[in-house]
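Everything on this sheet refers to the single structure shown next.
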Amino acid sequence: MKYLHLVWAGLFRKKVRTVLTLLSVVVAFLLFGLLQSVNEAFSAGAEQARADRLITNSRYSIIEMLPISYLPQIESVPGVKEVSFASWFGGSYQDRPAQFAVFPVEPERYLRTAPEIELPPAQLERWRETRDGAVVGRSLAERYGWEIGERVTLVADIWPQRDGNNDWNFEIVGIYSSPESEQNEGALLFQWEYFDEARQFARGTVGWFIIQVEDPDLAENVAQTVDALFANSTNETKTQTEKAFAQGFARQFGDVGLIVTSILGAVFFTILVLTGNTMAQAVRERIPELAILKTLGFSDRAVLGLVVAEALALILLGGLLGLALAAGALGALSAALAGFGVQGISTSVVMTGVILMVALGLIVGLPPAVRAMRLRVVDALGAHQ
Amino acid sequence: MNVLKQVAAVSLMNLRSVPQRWSTSLVIVVGIAGVVGVLTAILAMGEGFRATLGAAGKEDQAIVLRSGATSELTSGLGREAVDLIARSAGVARGADGQPIASAEILVIADLPKRGTGTLANAPIRGVQPKAFELRPEVEIVEGRAFEPGPRELIVGRGAASQFEGLEVGARLAFRDADWTVVGIFSAGGGAHESELWGDAETVMSAYRRGGFQSVTVQLEDAAAFEPFQAALADDPRLNVEAQTLRDYYAAQSRQMSMLINVLGYAIGYIMAIGALFGALNTMYAAVSTRAREIATLRALGFGGGAIVASVLLEALLLAVIGGLLGGSLAWLLFNGYTVSTLGANFSQVAFDFRVTGDLLVQGIAWALVIGFLGGLLPAWRAARQPVTTALRAL
């Protein structure tokens with residue numbers, strides 16, 4: 001570390017060139033931070049998913065409904081702790097397809113299978129008593145500025161009411177929160193009883209069952225037993241862990257990971273050429289100086305270290321600045337991106353970023369460093385003009 | 001004339017020396033190729049998606065859904081409603097005197113995707129016989145059409161490329177019984193190529209449905225749409241909404257192409273800024289290695305304008321090479337590459353990347369702008385350098 005000032009001086013020997021290279025590195029890691037965060041958000045559903053929770057839906061496809069009469073049968077399967085159910089409501093809010101999930105559920109039953117969310121008991125009581133009552137996640141409520149007591153109208157696309165009316169009115173009676181992650185705070189939940197009575201068709205059916213098992217090790221067994229229960233019935237089921245369900249769902253959008261990786265590949269290749277060139281040039285110009293260092297008694301290895309340190313410093317400085325910018329940008333855009341589940345920059349993105357910086361620094365710094373190390377003092381000093 | 005001659009002379013001299021400085025020149029080329037390649041590839045995706053959905057969007061055909069429904073999947077229509085719609089004013093009649101209309105059911109089957117084997121939503125459309133008259137672009141390219149009654153399906157080309165094992169003769173086990181794939185069809189590159197088609201009544205009975213989801217009709221002409229729409233709205237027995245197919249598919253592609261465009265341009269702008277720094281670096285290096293040469297030229301009487309122009313020309317030329325490289329890479333790697341995503345009907349829509357001429361031209365335009373901005377400041381500096389100091393340097 002005692003050579004820090006020497007590294008610094010070497011780096012800013014040509015200010016314009018170093019600053020320009022630094023800025024390209026900043027841009028590369030800004031992109032890295034943004035894209036990798038989006039990528040993580042897409043697979044986040046799978047990471048948040050719990051291992052002790054199963055989802056049972058129709059074997060044929062996600063749009064087929066299951067009879068509510070399956071509930072007691074699933075409850076009686078050994079190893080099952082709690083069972084609840086939900087359905088996809090969809091709908092539009094303020095003339096746009098709702099950018100949040102809307103599920104009709106049975107209040108207490110649903111909360112028992114969702115220990116990650118917390119609803120004050122008084123609000124739960126109020127929800128149970130209010131036929132058209134709905135509770136919303138805190139981050140969703142903040143997004144639309146909803147408060148308790150407010151009325152919200154959703155326009156149905158799948159579920160018209162019995163009289164053909166598409167407007168569903170709800171009174172917000174509670175706001176739930178999830179200390180674990182804001183990502184669990186994005187849904188509007190309303191009473192299944194109201195939903196089932198008021199809808200035009202498919203009464204007595206639900207979209208999927210949610211099973212909380214006593215022990216994650218039992219999950220596989222329970223899943224098989226449940227599916228065996230309804231095999232060869234008119235409504236066969238498919239039970240899988242919430243994680244598998246979420247992964248399958250995310251994959252349907254296409255390979256976001258592959259697209260992000262390809263773009264970043266192109267970006268980093270460019271940066272490699274750019275900084276590699278800068279470093280090679282910096283060493284070439286400084287051959288006499290490096291020779292003088294050696295004459296003064298710097299060992300070959302010290303010279304190697306100096307050049308590599310210079311490359312690492314350049315890329316780490318730019319990279320960390322870029323990640324900081326990405327964090328700032330994600331913060332500023334958080335409202336717009338909430339619908340995609342993007343929430344700031346995570347430690348894992350930062351860690352991956354730092355590993356990439358070190359790798360890039362070594363790739364870029366080593367070839368000129370080795371060249372500098374192998375310099376023979378006599379040749380190098382003589383080479384000057 | 002004299003200025004032009006000077007510019008030409010200096011530029012030629014510059015360009016001849018580029019090979020000696022190839023490694024710094026490479027930075028500008030690679031940087032710009034990266035920007036243009038990524039931008040073109042992403043926008044080609046949006047272009048392909050729009051083209052796929054646009055291909056099905058005719059103006060003289062209309063689709064009728066239950067009011068409030070945003071896609072076929074969320075819609076539902078009873079048999080009586082379907083009959084009323086087909087016999088409405090404005091619907092064209094075929095040679096047999098029957099209205100050219102097809103009431104259709106759209107359901108989803110979980111099928112394994114090619115490559116990953118993970119289950120994804122495949123759309124199955126049950127159609128009535130008139131469906132083929134409505135969509136003359138549908139052509140059986142292998143096998144034969146399905147027969148009503150037995151559980152037979154024909155598979156769109158896009159679906160066949162995205163899902164595993166959808167070949168003629170394949171048997172698919174879903175909903176109690178086996179279905180046989182009897183044919184593969186193309187549909188002019190449109191969205192129907194992502195679907196599996198069967199007979200409406202057969203699909204309905206297999207999925208235990210009592211109704212349809214949409215009716216597609218051939219209108220007498222595009223002008224017949226408004227009276228048709230009005231007739232449906234006035235009928236108290238119906239609670240439906242009609243849209244021309246063009247509007248329907250445009251609405252379906254809007255959100256996705258907007259998302260792709262925003263993403264493409266946002267990434268493009270950020271990368272362009274990075275490439276601009278690279279270009280500045282290259283050109284500053286080029287100018288500084290030639291400082292003495294430039295000073296000599298100035299001493300000989302070459303004007304500052306000629307120097308500026310020559311540096312800019314070099315930057316622009318390298319930029320165009322980068323732009324062409326990026327565009328061709330995007331074209332070579334991605335043009336025609338088929339991917340699929342979740343479409344409006346909650347099922348997979350397959351589409352090809354389309355690297356169009358417009359996109360390539362746009363890429364070159366971006367390259368020129370980056371090259372110009374990257375060359376301007378260094379050129380300025382080259383021309384402003386005091387001749388005496390530059391000659392004395394080194």
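How things are named: the first chain in the structure tokens is A, the next is B, and so on; residues count from 1 in each chain; ligands count from 1 in the order shown.
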What are the closest atom pairs, with distances in Å to one decimal, for all residues of chain A lying within 6 Å of chain B? Consider only C-alpha atoms, order rows by chain and residue number, and present the result as JSON lines.
{"residue": "A:Arg17", "atom": "CA", "partner": "B:Asn281", "partner_atom": "CA", "distance": 5.8}
{"residue": "A:Leu20", "atom": "CA", "partner": "B:Phe277", "partner_atom": "CA", "distance": 5.2}
{"residue": "A:Ser24", "atom": "CA", "partner": "B:Gly274", "partner_atom": "CA", "distance": 4.5}
{"residue": "A:Val27", "atom": "CA", "partner": "B:Gly274", "partner_atom": "CA", "distance": 5.5}
{"residue": "A:Tyr60", "atom": "CA", "partner": "B:Ala109", "partner_atom": "CA", "distance": 5.7}
{"residue": "A:Ser61", "atom": "CA", "partner": "B:Ala109", "partner_atom": "CA", "distance": 5.3}
{"residue": "A:Asp157", "atom": "CA", "partner": "B:Ala69", "partner_atom": "CA", "distance": 4.2}
{"residue": "A:Ile158", "atom": "CA", "partner": "B:Thr74", "partner_atom": "CA", "distance": 4.5}
{"residue": "A:Gln252", "atom": "CA", "partner": "B:Leu342", "partner_atom": "CA", "distance": 5.9}
{"residue": "A:Phe253", "atom": "CA", "partner": "B:Thr341", "partner_atom": "CA", "distance": 4.7}
{"residue": "A:Gly254", "atom": "CA", "partner": "B:Thr341", "partner_atom": "CA", "distance": 5.0}
{"residue": "A:Ala266", "atom": "CA", "partner": "B:Gly34", "partner_atom": "CA", "distance": 5.9}
{"residue": "A:Thr270", "atom": "CA", "partner": "B:Gly31", "partner_atom": "CA", "distance": 5.5}
{"residue": "A:Leu274", "atom": "CA", "partner": "B:Val27", "partner_atom": "CA", "distance": 5.4}
Could you pull out the alpha helix (DSSP H) residues of segment 94-185 of chain A from DSSP and send them as a short mmCIF file (atom, residue, chain, number, x, y, z; two decimals) with C-alpha atoms, in the first residue's frame?
data_model
loop_
_atom_site.label_atom_id
_atom_site.label_comp_id
_atom_site.auth_asym_id
_atom_site.auth_seq_id
_atom_site.Cartn_x
_atom_site.Cartn_y
_atom_site.Cartn_z
CA PRO A 107 -59.35 -14.21 5.13
CA GLU A 108 -58.22 -16.26 8.14
CA ARG A 109 -57.56 -19.40 6.19
CA TYR A 110 -55.36 -17.55 3.72
CA LEU A 111 -53.37 -15.77 6.41
CA ARG A 112 -52.66 -19.10 8.09
CA PRO A 121 -55.94 -8.31 14.36
CA ALA A 122 -58.45 -5.45 14.48
CA GLN A 123 -58.19 -5.05 10.69
CA LEU A 124 -58.64 -8.79 10.18
CA GLU A 125 -61.75 -8.64 12.35
CA ARG A 126 -63.08 -5.75 10.27
CA TRP A 127 -62.24 -7.61 7.02
CA ARG A 128 -64.18 -10.67 8.11
CA GLU A 129 -67.22 -8.55 8.89
CA ARG A 138 -48.35 -1.73 2.20
CA SER A 139 -46.16 -1.05 -0.84
CA LEU A 140 -49.19 -1.37 -3.14
CA ALA A 141 -51.19 1.03 -0.94
CA GLU A 142 -48.31 3.51 -1.08
CA ARG A 143 -48.08 3.22 -4.84
CA TYR A 144 -51.69 4.31 -5.35
#
Return the single residue from A:Val173, A:Ile315, A:Ala156, A:Leu4 that is closest to Thr278 of chain A, with distances computed using only C-alpha atoms.
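Of A:Val173, A:Ile315, A:Ala156, A:Leu4, the one nearest Thr278 of chain A, counting only C-alpha atoms, is A:Ile315.
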For segment 312-319 of chain B: contacts at 7 Å, only C-alpha atoms, fewer than 5 positions along chain excluded, given as a list of chain:residue names
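Here the qualifying residues turn out to be B:Ser11, B:Leu15, B:Ile28, B:Val29, B:Ile32, B:Met283, B:Ala367, B:Leu368, B:Gly371, B:Phe372, B:Gly375, B:Leu376, B:Ala379.
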Which distance in Å separates atom CA of Gly211 of chain B and atom CA of Ala231 of chain A, to one decimal?
26.0 Å
Neighbouring residues of segment 346-358 of chain A were defined as those with any atom within 12 Å, considering only C-alpha atoms; residues of the same chain fewer than 2 positions away were excluded. Please report them as a ChimeraX atom specification.
/A:25-26,28-41,44,264-265,268,271-272,275,308-324,326-327,330-331,342-344,360-366
Find the residues near Tyr3 of chain A: any atom within 10 Å, counting only C-alpha atoms, skip ones fewer than 6 places away on the same chain, and give them as JSON, numbers by chain.
{"A": [9, 302, 305, 306, 309]}
Only N, CA and C atoms, please: the residues just picked out, written as a PDB file, in the first residue's frame.
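Below you can see selection16.pdb, which holds the result:
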ATOM      1  N   ALA A   9      -0.266   8.244  -9.277  1.00  0.00           N
ATOM      2  CA  ALA A   9       0.443   9.141 -10.185  1.00  0.00           C
ATOM      3  C   ALA A   9       0.519   8.526 -11.585  1.00  0.00           C
ATOM      4  N   ALA A 302       7.820  -6.071  -8.190  1.00  0.00           N
ATOM      5  CA  ALA A 302       7.196  -4.826  -7.739  1.00  0.00           C
ATOM      6  C   ALA A 302       6.649  -4.050  -8.933  1.00  0.00           C
ATOM      7  N   GLY A 305       3.561  -5.691 -10.050  1.00  0.00           N
ATOM      8  CA  GLY A 305       2.492  -5.333  -9.113  1.00  0.00           C
ATOM      9  C   GLY A 305       1.973  -3.931  -9.364  1.00  0.00           C
ATOM     10  N   LEU A 306       2.888  -3.011  -9.642  1.00  0.00           N
ATOM     11  CA  LEU A 306       2.486  -1.629  -9.870  1.00  0.00           C
ATOM     12  C   LEU A 306       1.533  -1.505 -11.049  1.00  0.00           C
ATOM     13  N   ALA A 309      -1.775  -3.209 -10.315  1.00  0.00           N
ATOM     14  CA  ALA A 309      -2.518  -2.393  -9.354  1.00  0.00           C
ATOM     15  C   ALA A 309      -3.161  -1.205 -10.062  1.00  0.00           C
TER      16      ALA A 309
END
Need to verify the contact set: Met373 of chain A, 6 Å, only C-alpha atoms, exclusion of same-chain residues closer than 3 positions in sequence. Can you return it as a PyMOL selection string?
chain A and resi 300+303-304+370
How about saving the chosen residues, N, CA, C and O atoms kept, as a PDB file, in the first residue's frame?
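And here's again-v5.pdb as it stands now:
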ATOM      1  N   ASP A 300      11.558  -6.775 -10.179  1.00  0.00           N
ATOM      2  CA  ASP A 300      10.682  -7.073 -11.322  1.00  0.00           C
ATOM      3  C   ASP A 300       9.252  -7.250 -10.846  1.00  0.00           C
ATOM      4  O   ASP A 300       8.302  -6.777 -11.461  1.00  0.00           O
ATOM      5  N   VAL A 303       7.405  -4.068 -10.039  1.00  0.00           N
ATOM      6  CA  VAL A 303       6.947  -3.359 -11.238  1.00  0.00           C
ATOM      7  C   VAL A 303       5.691  -4.022 -11.791  1.00  0.00           C
ATOM      8  O   VAL A 303       4.711  -3.358 -12.152  1.00  0.00           O
ATOM      9  N   LEU A 304       5.701  -5.355 -11.790  1.00  0.00           N
ATOM     10  CA  LEU A 304       4.518  -6.096 -12.223  1.00  0.00           C
ATOM     11  C   LEU A 304       3.317  -5.694 -11.367  1.00  0.00           C
ATOM     12  O   LEU A 304       2.237  -5.366 -11.870  1.00  0.00           O
ATOM     13  N   VAL A 370       3.270  -7.933 -17.407  1.00  0.00           N
ATOM     14  CA  VAL A 370       4.308  -8.929 -17.669  1.00  0.00           C
ATOM     15  C   VAL A 370       5.378  -8.321 -18.573  1.00  0.00           C
ATOM     16  O   VAL A 370       6.572  -8.504 -18.381  1.00  0.00           O
TER      17      VAL A 370
END
So which residues touch Leu189 of chain A within 12 Å, counting only C-alpha atoms, skipping near sequence neighbours fewer than 2 positions away, as an MDAnalysis selection string?
chainID A and resid 85:90 100:108 110:111 119 124 127:128 132:137 140 170:176 185:187 191:192 194:195
